[in-house]
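Structure file coords12.csv (CSV, N, CA and C atoms) is printed below.
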```
chain,number,residue,atom,x,y,z
C,1,MET,N,-72.3,30.7,-38.9
C,1,MET,CA,-73.0,30.1,-37.8
C,1,MET,C,-73.1,31.1,-36.6
C,2,ASP,N,-74.3,31.5,-36.3
C,2,ASP,CA,-74.5,32.3,-35.1
C,2,ASP,C,-74.3,31.6,-33.8
C,3,VAL,N,-73.6,32.2,-32.9
C,3,VAL,CA,-73.4,31.6,-31.6
C,3,VAL,C,-74.5,32.1,-30.7
C,4,PRO,N,-75.2,31.2,-30.0
C,4,PRO,CA,-76.2,31.7,-29.1
C,4,PRO,C,-75.6,32.4,-27.9
C,5,ILE,N,-76.2,33.6,-27.6
C,5,ILE,CA,-75.7,34.4,-26.4
C,5,ILE,C,-76.9,34.5,-25.5
C,6,LEU,N,-76.7,33.9,-24.3
C,6,LEU,CA,-77.8,33.9,-23.3
C,6,LEU,C,-77.5,35.0,-22.3
C,7,LYS,N,-78.5,35.6,-21.7
C,7,LYS,CA,-78.3,36.6,-20.6
C,7,LYS,C,-78.8,35.9,-19.3
C,8,GLN,N,-78.0,35.9,-18.3
C,8,GLN,CA,-78.4,35.4,-17.0
C,8,GLN,C,-78.0,36.4,-16.0
C,9,GLY,N,-79.0,37.2,-15.6
C,9,GLY,CA,-78.7,38.3,-14.7
C,9,GLY,C,-77.8,39.3,-15.4
C,10,ASP,N,-76.7,39.6,-14.8
C,10,ASP,CA,-75.7,40.6,-15.5
C,10,ASP,C,-74.6,39.9,-16.2
C,11,VAL,N,-74.8,38.6,-16.5
C,11,VAL,CA,-73.8,37.8,-17.2
C,11,VAL,C,-74.3,37.4,-18.6
C,12,LEU,N,-73.4,37.5,-19.6
C,12,LEU,CA,-73.7,37.0,-20.9
C,12,LEU,C,-73.0,35.7,-21.1
C,13,ILE,N,-73.6,34.7,-21.6
C,13,ILE,CA,-73.0,33.4,-21.8
C,13,ILE,C,-73.1,33.0,-23.3
C,14,ALA,N,-71.9,32.9,-23.9
C,14,ALA,CA,-71.8,32.5,-25.3
C,14,ALA,C,-71.3,31.1,-25.3
C,15,SER,N,-72.1,30.2,-25.9
C,15,SER,CA,-71.7,28.8,-25.9
C,15,SER,C,-71.4,28.4,-27.4
C,16,ILE,N,-70.1,28.2,-27.6
C,16,ILE,CA,-69.7,27.8,-29.0
C,16,ILE,C,-69.8,26.3,-29.1
C,17,GLN,N,-70.7,25.9,-30.1
C,17,GLN,CA,-71.0,24.5,-30.2
C,17,GLN,C,-70.3,23.8,-31.3
C,18,ALA,N,-69.6,24.6,-32.2
C,18,ALA,CA,-68.9,24.0,-33.3
C,18,ALA,C,-67.8,24.9,-33.7
C,19,ALA,N,-66.8,24.4,-34.5
C,19,ALA,CA,-65.7,25.3,-35.0
C,19,ALA,C,-66.3,26.4,-35.8
C,20,LEU,N,-65.8,27.6,-35.6
C,20,LEU,CA,-66.4,28.8,-36.2
C,20,LEU,C,-65.4,29.3,-37.3
C,21,SER,N,-66.0,29.9,-38.3
C,21,SER,CA,-65.1,30.6,-39.3
C,21,SER,C,-64.5,31.9,-38.7
C,22,ASP,N,-63.6,32.4,-39.3
C,22,ASP,CA,-63.0,33.7,-38.9
C,22,ASP,C,-64.0,34.8,-38.8
C,23,GLN,N,-64.9,34.8,-39.8
C,23,GLN,CA,-66.0,35.9,-39.8
C,23,GLN,C,-67.0,35.6,-38.6
C,24,ASP,N,-67.3,34.4,-38.3
C,24,ASP,CA,-68.2,34.1,-37.2
C,24,ASP,C,-67.6,34.6,-35.9
C,25,LEU,N,-66.2,34.4,-35.7
C,25,LEU,CA,-65.6,34.8,-34.5
C,25,LEU,C,-65.6,36.3,-34.4
C,26,ILE,N,-65.4,37.0,-35.5
C,26,ILE,CA,-65.4,38.5,-35.5
C,26,ILE,C,-66.8,39.0,-35.2
C,27,ALA,N,-67.8,38.3,-35.7
C,27,ALA,CA,-69.2,38.7,-35.4
C,27,ALA,C,-69.5,38.4,-34.0
C,28,LEU,N,-69.0,37.3,-33.4
C,28,LEU,CA,-69.2,37.1,-32.0
C,28,LEU,C,-68.6,38.2,-31.1
C,29,ARG,N,-67.4,38.6,-31.4
C,29,ARG,CA,-66.7,39.7,-30.7
C,29,ARG,C,-67.6,40.9,-30.7
C,30,ASP,N,-68.0,41.3,-31.9
C,30,ASP,CA,-68.8,42.5,-32.1
C,30,ASP,C,-70.1,42.4,-31.4
C,31,SER,N,-70.8,41.3,-31.5
C,31,SER,CA,-72.1,41.1,-30.8
C,31,SER,C,-72.0,41.2,-29.3
C,32,LEU,N,-70.9,40.5,-28.7
C,32,LEU,CA,-70.7,40.6,-27.3
C,32,LEU,C,-70.4,42.0,-26.8
C,33,ALA,N,-69.6,42.7,-27.6
C,33,ALA,CA,-69.2,44.1,-27.2
C,33,ALA,C,-70.5,45.0,-27.2
C,34,SER,N,-71.3,44.8,-28.1
C,34,SER,CA,-72.6,45.6,-28.2
C,34,SER,C,-73.5,45.2,-27.0
C,35,ARG,N,-73.7,43.9,-26.8
C,35,ARG,CA,-74.6,43.5,-25.8
C,35,ARG,C,-74.1,43.9,-24.3
C,36,ILE,N,-72.8,43.9,-24.1
C,36,ILE,CA,-72.3,44.3,-22.8
C,36,ILE,C,-72.8,45.7,-22.5
C,37,GLY,N,-72.8,46.6,-23.4
C,37,GLY,CA,-73.3,47.9,-23.2
C,37,GLY,C,-74.8,48.0,-23.1
C,38,ARG,N,-75.5,47.3,-24.0
C,38,ARG,CA,-76.9,47.3,-24.0
C,38,ARG,C,-77.5,46.8,-22.7
C,39,PHE,N,-77.0,45.6,-22.2
C,39,PHE,CA,-77.5,45.0,-21.0
C,39,PHE,C,-76.8,45.3,-19.7
C,40,ARG,N,-75.7,46.2,-19.8
C,40,ARG,CA,-74.9,46.6,-18.7
C,40,ARG,C,-74.4,45.4,-18.0
C,41,SER,N,-73.9,44.5,-18.8
C,41,SER,CA,-73.3,43.2,-18.3
C,41,SER,C,-72.0,43.4,-17.5
C,42,ARG,N,-71.8,42.7,-16.4
C,42,ARG,CA,-70.6,42.8,-15.6
C,42,ARG,C,-69.7,41.6,-15.9
C,43,GLY,N,-70.2,40.5,-16.6
C,43,GLY,CA,-69.5,39.3,-16.8
C,43,GLY,C,-69.8,38.7,-18.2
C,44,VAL,N,-68.9,38.0,-18.7
C,44,VAL,CA,-69.0,37.2,-20.0
C,44,VAL,C,-68.4,35.9,-19.8
C,45,ILE,N,-69.2,34.8,-20.1
C,45,ILE,CA,-68.6,33.5,-20.1
C,45,ILE,C,-68.6,33.0,-21.5
C,46,ILE,N,-67.5,32.5,-21.9
C,46,ILE,CA,-67.3,31.8,-23.2
C,46,ILE,C,-67.1,30.3,-23.0
C,47,ASP,N,-68.1,29.6,-23.4
C,47,ASP,CA,-68.1,28.1,-23.1
C,47,ASP,C,-67.6,27.4,-24.4
C,48,LEU,N,-66.4,26.7,-24.2
C,48,LEU,CA,-65.8,26.0,-25.3
C,48,LEU,C,-65.9,24.5,-25.2
C,49,MET,N,-66.8,24.0,-24.3
C,49,MET,CA,-66.9,22.6,-24.0
C,49,MET,C,-67.1,21.7,-25.2
C,50,ALA,N,-67.8,22.2,-26.3
C,50,ALA,CA,-68.0,21.3,-27.4
C,50,ALA,C,-66.9,21.3,-28.4
C,51,LEU,N,-65.8,22.1,-28.2
C,51,LEU,CA,-64.7,22.2,-29.2
C,51,LEU,C,-63.7,21.2,-28.9
C,52,ASP,N,-63.2,20.5,-29.9
C,52,ASP,CA,-62.1,19.6,-29.8
C,52,ASP,C,-60.8,20.1,-30.4
C,53,VAL,N,-60.9,21.4,-30.9
C,53,VAL,CA,-59.7,22.0,-31.6
C,53,VAL,C,-59.9,23.5,-31.4
C,54,LEU,N,-58.7,24.2,-31.2
C,54,LEU,CA,-58.7,25.6,-31.1
C,54,LEU,C,-57.5,26.1,-31.8
C,55,ASP,N,-57.7,26.8,-32.9
C,55,ASP,CA,-56.5,27.2,-33.7
C,55,ASP,C,-56.0,28.6,-33.2
C,56,SER,N,-55.0,29.1,-33.8
C,56,SER,CA,-54.3,30.3,-33.3
C,56,SER,C,-55.2,31.5,-33.5
C,57,PHE,N,-56.0,31.6,-34.6
C,57,PHE,CA,-56.9,32.7,-34.8
C,57,PHE,C,-58.0,32.7,-33.8
C,58,ALA,N,-58.6,31.5,-33.5
C,58,ALA,CA,-59.7,31.4,-32.6
C,58,ALA,C,-59.2,31.8,-31.2
C,59,THR,N,-58.0,31.4,-30.8
C,59,THR,CA,-57.4,31.8,-29.5
C,59,THR,C,-57.2,33.3,-29.5
C,60,ARG,N,-56.7,33.9,-30.5
C,60,ARG,CA,-56.5,35.3,-30.5
C,60,ARG,C,-57.8,36.1,-30.4
C,61,MET,N,-58.8,35.6,-31.1
C,61,MET,CA,-60.1,36.2,-31.0
C,61,MET,C,-60.7,36.1,-29.6
C,62,ILE,N,-60.5,35.0,-29.0
C,62,ILE,CA,-61.0,34.9,-27.6
C,62,ILE,C,-60.3,35.9,-26.7
C,63,ARG,N,-59.0,36.0,-26.9
C,63,ARG,CA,-58.3,37.1,-26.1
C,63,ARG,C,-58.9,38.4,-26.5
C,64,ASP,N,-59.1,38.7,-27.7
C,64,ASP,CA,-59.7,40.0,-28.1
C,64,ASP,C,-61.0,40.2,-27.5
C,65,ILE,N,-61.9,39.2,-27.5
C,65,ILE,CA,-63.2,39.3,-26.8
C,65,ILE,C,-63.0,39.7,-25.4
C,66,ALA,N,-62.1,39.0,-24.7
C,66,ALA,CA,-61.9,39.3,-23.3
C,66,ALA,C,-61.4,40.7,-23.0
C,67,TYR,N,-60.4,41.1,-23.8
C,67,TYR,CA,-59.9,42.5,-23.7
C,67,TYR,C,-61.0,43.5,-24.0
C,68,THR,N,-61.7,43.3,-25.1
C,68,THR,CA,-62.8,44.2,-25.4
C,68,THR,C,-63.8,44.3,-24.3
C,69,ALA,N,-64.2,43.1,-23.8
C,69,ALA,CA,-65.2,43.1,-22.7
C,69,ALA,C,-64.6,43.9,-21.5
C,70,ARG,N,-63.3,43.7,-21.2
C,70,ARG,CA,-62.7,44.4,-20.0
C,70,ARG,C,-62.8,45.9,-20.2
C,71,LEU,N,-62.6,46.4,-21.5
C,71,LEU,CA,-62.7,47.8,-21.8
C,71,LEU,C,-64.1,48.3,-21.7
C,72,ARG,N,-65.1,47.4,-21.8
C,72,ARG,CA,-66.5,47.8,-21.7
C,72,ARG,C,-67.0,47.6,-20.3
C,73,GLY,N,-66.1,47.1,-19.3
C,73,GLY,CA,-66.5,47.0,-18.0
C,73,GLY,C,-66.9,45.6,-17.5
C,74,ALA,N,-66.7,44.6,-18.3
C,74,ALA,CA,-67.1,43.2,-18.0
C,74,ALA,C,-65.8,42.3,-17.8
C,75,ILE,N,-65.9,41.4,-17.0
C,75,ILE,CA,-64.9,40.3,-16.8
C,75,ILE,C,-65.3,39.1,-17.6
C,76,THR,N,-64.3,38.5,-18.3
C,76,THR,CA,-64.5,37.3,-19.1
C,76,THR,C,-63.9,36.1,-18.4
C,77,VAL,N,-64.7,35.0,-18.5
C,77,VAL,CA,-64.2,33.7,-18.0
C,77,VAL,C,-64.4,32.7,-19.1
C,78,VAL,N,-63.4,32.0,-19.5
C,78,VAL,CA,-63.4,31.0,-20.5
C,78,VAL,C,-63.6,29.6,-19.8
C,79,VAL,N,-64.6,28.9,-20.2
C,79,VAL,CA,-64.9,27.6,-19.5
C,79,VAL,C,-64.9,26.5,-20.5
C,80,GLY,N,-64.7,25.3,-20.0
C,80,GLY,CA,-64.9,24.1,-20.8
C,80,GLY,C,-63.8,23.7,-21.7
C,81,ILE,N,-62.6,24.1,-21.5
C,81,ILE,CA,-61.5,23.7,-22.4
C,81,ILE,C,-61.2,22.2,-22.1
C,82,GLN,N,-61.4,21.4,-23.2
C,82,GLN,CA,-61.1,20.0,-23.1
C,82,GLN,C,-59.6,19.7,-22.9
C,83,PRO,N,-59.3,18.6,-22.2
C,83,PRO,CA,-57.9,18.3,-21.9
C,83,PRO,C,-57.0,18.3,-23.2
C,84,GLU,N,-57.5,17.7,-24.3
C,84,GLU,CA,-56.8,17.6,-25.5
C,84,GLU,C,-56.5,19.0,-26.1
C,85,VAL,N,-57.5,19.8,-26.0
C,85,VAL,CA,-57.3,21.2,-26.5
C,85,VAL,C,-56.3,21.9,-25.7
C,86,ALA,N,-56.3,21.7,-24.4
C,86,ALA,CA,-55.3,22.4,-23.5
C,86,ALA,C,-53.9,21.9,-23.8
C,87,PHE,N,-53.8,20.6,-24.0
C,87,PHE,CA,-52.4,20.0,-24.4
C,87,PHE,C,-51.9,20.6,-25.7
C,88,ALA,N,-52.8,20.7,-26.7
C,88,ALA,CA,-52.4,21.2,-28.0
C,88,ALA,C,-52.1,22.7,-27.9
C,89,MET,N,-52.8,23.4,-27.1
C,89,MET,CA,-52.5,24.9,-26.9
C,89,MET,C,-51.1,25.1,-26.3
C,90,VAL,N,-50.8,24.3,-25.3
C,90,VAL,CA,-49.5,24.4,-24.7
C,90,VAL,C,-48.4,24.0,-25.7
C,91,GLN,N,-48.6,22.9,-26.4
C,91,GLN,CA,-47.6,22.5,-27.4
C,91,GLN,C,-47.4,23.5,-28.5
C,92,LEU,N,-48.5,24.2,-28.9
C,92,LEU,CA,-48.4,25.2,-30.0
C,92,LEU,C,-48.0,26.6,-29.4
C,93,GLY,N,-47.9,26.8,-28.1
C,93,GLY,CA,-47.5,28.1,-27.5
C,93,GLY,C,-48.7,29.0,-27.5
C,94,LEU,N,-49.9,28.6,-27.6
C,94,LEU,CA,-51.1,29.5,-27.6
C,94,LEU,C,-51.4,29.7,-26.1
C,95,SER,N,-51.8,31.0,-25.9
C,95,SER,CA,-52.0,31.4,-24.5
C,95,SER,C,-53.3,32.2,-24.3
C,96,LEU,N,-53.9,32.0,-23.2
C,96,LEU,CA,-55.0,32.9,-22.8
C,96,LEU,C,-54.6,33.7,-21.5
C,97,GLU,N,-53.3,34.1,-21.6
C,97,GLU,CA,-52.8,34.8,-20.4
C,97,GLU,C,-53.6,36.0,-20.0
C,98,GLY,N,-53.8,36.1,-18.7
C,98,GLY,CA,-54.6,37.3,-18.2
C,98,GLY,C,-56.1,37.1,-18.3
C,99,ILE,N,-56.6,35.9,-18.8
C,99,ILE,CA,-58.0,35.7,-18.9
C,99,ILE,C,-58.3,34.5,-17.9
C,100,ALA,N,-59.3,34.7,-17.1
C,100,ALA,CA,-59.8,33.7,-16.2
C,100,ALA,C,-60.3,32.5,-16.9
C,101,THR,N,-60.0,31.3,-16.4
C,101,THR,CA,-60.6,30.1,-17.0
C,101,THR,C,-61.2,29.3,-15.8
C,102,ALA,N,-62.1,28.5,-16.2
C,102,ALA,CA,-62.8,27.6,-15.2
C,102,ALA,C,-63.1,26.3,-15.9
C,103,LEU,N,-63.3,25.3,-15.1
C,103,LEU,CA,-63.6,23.9,-15.6
C,103,LEU,C,-64.9,23.9,-16.4
C,104,ASP,N,-66.0,24.5,-15.8
C,104,ASP,CA,-67.3,24.4,-16.5
C,104,ASP,C,-68.1,25.6,-16.2
C,105,LEU,N,-69.3,25.7,-16.7
C,105,LEU,CA,-70.2,26.9,-16.6
C,105,LEU,C,-70.4,27.2,-15.1
C,106,GLU,N,-70.7,26.2,-14.3
C,106,GLU,CA,-71.0,26.4,-12.9
C,106,GLU,C,-69.8,27.1,-12.2
C,107,GLU,N,-68.6,26.6,-12.4
C,107,GLU,CA,-67.4,27.3,-11.8
C,107,GLU,C,-67.2,28.7,-12.4
C,108,GLY,N,-67.5,28.9,-13.7
C,108,GLY,CA,-67.4,30.2,-14.3
C,108,GLY,C,-68.3,31.2,-13.6
C,109,LEU,N,-69.5,30.8,-13.4
C,109,LEU,CA,-70.5,31.7,-12.7
C,109,LEU,C,-70.1,31.9,-11.3
C,110,ALA,N,-69.6,30.9,-10.6
C,110,ALA,CA,-69.1,31.1,-9.2
C,110,ALA,C,-67.9,32.1,-9.2
C,111,HIS,N,-67.0,32.0,-10.2
C,111,HIS,CA,-65.9,32.9,-10.3
C,111,HIS,C,-66.4,34.4,-10.4
C,112,LEU,N,-67.3,34.6,-11.3
C,112,LEU,CA,-67.8,35.9,-11.5
C,112,LEU,C,-68.6,36.4,-10.3
C,113,SER,N,-69.3,35.5,-9.7
C,113,SER,CA,-70.0,35.9,-8.4
C,113,SER,C,-69.1,36.3,-7.3
C,114,GLY,N,-68.0,35.6,-7.2
C,114,GLY,CA,-67.0,35.9,-6.2
C,114,GLY,C,-66.3,37.3,-6.5
C,115,ARG,N,-66.1,37.6,-7.7
C,115,ARG,CA,-65.5,38.8,-8.1
C,115,ARG,C,-66.4,40.0,-7.8
C,116,GLU,N,-67.7,39.8,-8.1
C,116,GLU,CA,-68.7,40.8,-7.8
C,116,GLU,C,-68.8,41.1,-6.3
C,117,ARG,N,-68.8,40.0,-5.5
C,117,ARG,CA,-68.9,40.2,-4.0
C,117,ARG,C,-67.7,41.0,-3.6
C,118,LYS,N,-66.5,40.8,-4.1
C,118,LYS,CA,-65.3,41.5,-3.7
C,118,LYS,C,-65.4,43.0,-4.1
C,119,ARG,N,-65.9,43.2,-5.3
C,119,ARG,CA,-66.1,44.6,-5.8
C,119,ARG,C,-67.1,45.3,-4.9
C,120,ALA,N,-68.2,44.7,-4.5
C,120,ALA,CA,-69.2,45.3,-3.7
C,120,ALA,C,-68.6,45.6,-2.3
C,121,ALA,N,-67.8,44.7,-1.8
C,121,ALA,CA,-67.2,44.9,-0.5
C,121,ALA,C,-66.2,46.1,-0.5
C,122,ARG,N,-65.6,46.4,-1.6
C,122,ARG,CA,-64.7,47.5,-1.7
C,122,ARG,C,-65.4,48.9,-1.8
C,123,SER,N,-66.6,48.8,-2.2
C,123,SER,CA,-67.4,50.1,-2.4
C,123,SER,C,-67.9,50.6,-1.1
```

Write out the structure in this file as structure tokens.
Amino acid sequence: MDVPILKQGDVLIASIQAALSDQDLIALRDSLASRIGRFRSRGVIIDLMALDVLDSFATRMIRDIAYTARLRGAITVVVGIQPEVAFAMVQLGLSLEGIATALDLEEGLAHLSGRERKRAARS
């Protein structure tokens, strides 16, 4: 199942609508890494709002996507983690340590916008 990846300004938005196979997650990682360079994206948002479960492989792949994006010059924000998913992740010891999270897409975009303003102010 292909994950739709939308481009909004210099941000890529990947909205995961259903549980993905391991191969789908790897394809998403590769596609985002390629598009970050092609579109010179400064941010990536991974929207998990539709998911009611997140297994250890999916969690690891989201971390890999974020780290790959960072190496390509983009910041990743994971949005839309449902309360039940968050509880299960904590109980299973799964972590998105070092990756920004936000309640929803709007907050994710605001987070990236704030980071970009800080970056511009330092220049």

Next item on the list: Determine the nearest neighbour of Ser41 of chain C from the options C:Glu84, C:Leu71, C:Gly9, C:Arg63, counting only N, CA and C atoms.
Entry: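 Checking each candidate against Ser41 of chain C, we get C:Gly9 as the closest.
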
Check: Nearest to Ala50 of chain C among C:Ala19, C:Val3, C:Ala88, C:Ala102, with distances taken over only C-alpha atoms: which residue is it?
Finding: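 Among the listed residues, the smallest separation from Ala50 of chain C belongs to C:Ala19.
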
Check: So how many Å separate atom N of Leu51 of chain C and atom C of Lys7 of chain C, to one decimal?
Finding: 20.9 Å

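What separates atom CA of Gly108 of chain C from atom C of Met49 of chain C is a distance of 13.8 Å.
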
Backbone DSSP call of strand (DSSP E) for segment 37-96 of chain C, listed as a PDB file with N, CA and C atoms, keeping the file's coordinate frame:
```pdb
ATOM      1  N   GLY C  43     -70.200  40.500 -16.600  1.00  0.00           N
ATOM      2  CA  GLY C  43     -69.500  39.300 -16.800  1.00  0.00           C
ATOM      3  C   GLY C  43     -69.800  38.700 -18.200  1.00  0.00           C
ATOM      4  N   VAL C  44     -68.900  38.000 -18.700  1.00  0.00           N
ATOM      5  CA  VAL C  44     -69.000  37.200 -20.000  1.00  0.00           C
ATOM      6  C   VAL C  44     -68.400  35.900 -19.800  1.00  0.00           C
ATOM      7  N   ILE C  45     -69.200  34.800 -20.100  1.00  0.00           N
ATOM      8  CA  ILE C  45     -68.600  33.500 -20.100  1.00  0.00           C
ATOM      9  C   ILE C  45     -68.600  33.000 -21.500  1.00  0.00           C
ATOM     10  N   ILE C  46     -67.500  32.500 -21.900  1.00  0.00           N
ATOM     11  CA  ILE C  46     -67.300  31.800 -23.200  1.00  0.00           C
ATOM     12  C   ILE C  46     -67.100  30.300 -23.000  1.00  0.00           C
ATOM     13  N   ASP C  47     -68.100  29.600 -23.400  1.00  0.00           N
ATOM     14  CA  ASP C  47     -68.100  28.100 -23.100  1.00  0.00           C
ATOM     15  C   ASP C  47     -67.600  27.400 -24.400  1.00  0.00           C
ATOM     16  N   ILE C  75     -65.900  41.400 -17.000  1.00  0.00           N
ATOM     17  CA  ILE C  75     -64.900  40.300 -16.800  1.00  0.00           C
ATOM     18  C   ILE C  75     -65.300  39.100 -17.600  1.00  0.00           C
ATOM     19  N   THR C  76     -64.300  38.500 -18.300  1.00  0.00           N
ATOM     20  CA  THR C  76     -64.500  37.300 -19.100  1.00  0.00           C
ATOM     21  C   THR C  76     -63.900  36.100 -18.400  1.00  0.00           C
ATOM     22  N   VAL C  77     -64.700  35.000 -18.500  1.00  0.00           N
ATOM     23  CA  VAL C  77     -64.200  33.700 -18.000  1.00  0.00           C
ATOM     24  C   VAL C  77     -64.400  32.700 -19.100  1.00  0.00           C
ATOM     25  N   VAL C  78     -63.400  32.000 -19.500  1.00  0.00           N
ATOM     26  CA  VAL C  78     -63.400  31.000 -20.500  1.00  0.00           C
ATOM     27  C   VAL C  78     -63.600  29.600 -19.800  1.00  0.00           C
ATOM     28  N   VAL C  79     -64.600  28.900 -20.200  1.00  0.00           N
ATOM     29  CA  VAL C  79     -64.900  27.600 -19.500  1.00  0.00           C
ATOM     30  C   VAL C  79     -64.900  26.500 -20.500  1.00  0.00           C
TER      31      VAL C  79
END
```

Next item on the list: Determine which residues of chain C DSSP labels as alpha helix (DSSP H) from the backbone of this structure, then write them out as a ChimeraX atom specification.
Entry: /C:22-39,56-71,83-92,105-122

Next item on the list: Please measure the separation of atom N of Ile5 of chain C and atom C of Arg115 of chain C, giving the value in Å to one decimal.
Entry: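 Between these atoms lies a distance of 23.0 Å.
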
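If you measure from each of C:Asp55, C:Ile36, C:Asp24, C:Ile75 to Leu92 of chain C using only C-alpha atoms, the closest one turns out to be C:Asp55.
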
Margin query: If we count only C-alpha atoms and set the cut-off at 10 Å, which residues sit around Ser56 of chain C, ignoring sequence neighbours fewer than 2 positions away in its own chain? Please answer as a PyMOL selection string.
Written below: chain C and resi 54+58-62+89+92-95

Next item on the list: Find the residue from C:Asp47, C:Leu28, C:Phe57, C:Asp52 that sits nearest to Val85 of chain C; use only C-alpha atoms when measuring.
Entry: C:Asp52

Margin query: as a PyMOL selection string, please: the residues near Leu48 of chain C (cut-off 5 Å, all atoms listed in the file, same-chain neighbours under 4 positions excluded).
Written below: chain C and resi 79-81

Margin query: What's around Thr101 of chain C at 6 Å? Count only N, CA and C atoms, leave out sequence neighbours fewer than 2 positions away in its own chain, and write the answer as a ChimeraX atom specification.
Written below: /C:77-79,99,103

Next item on the list: Please identify all polymer residues within 7 Å of Gly73 of chain C, counting only N, CA and C atoms, omitting same-chain residues fewer than 5 positions from it, and present them as a PyMOL selection string.
Entry: chain C and resi 41-43+68
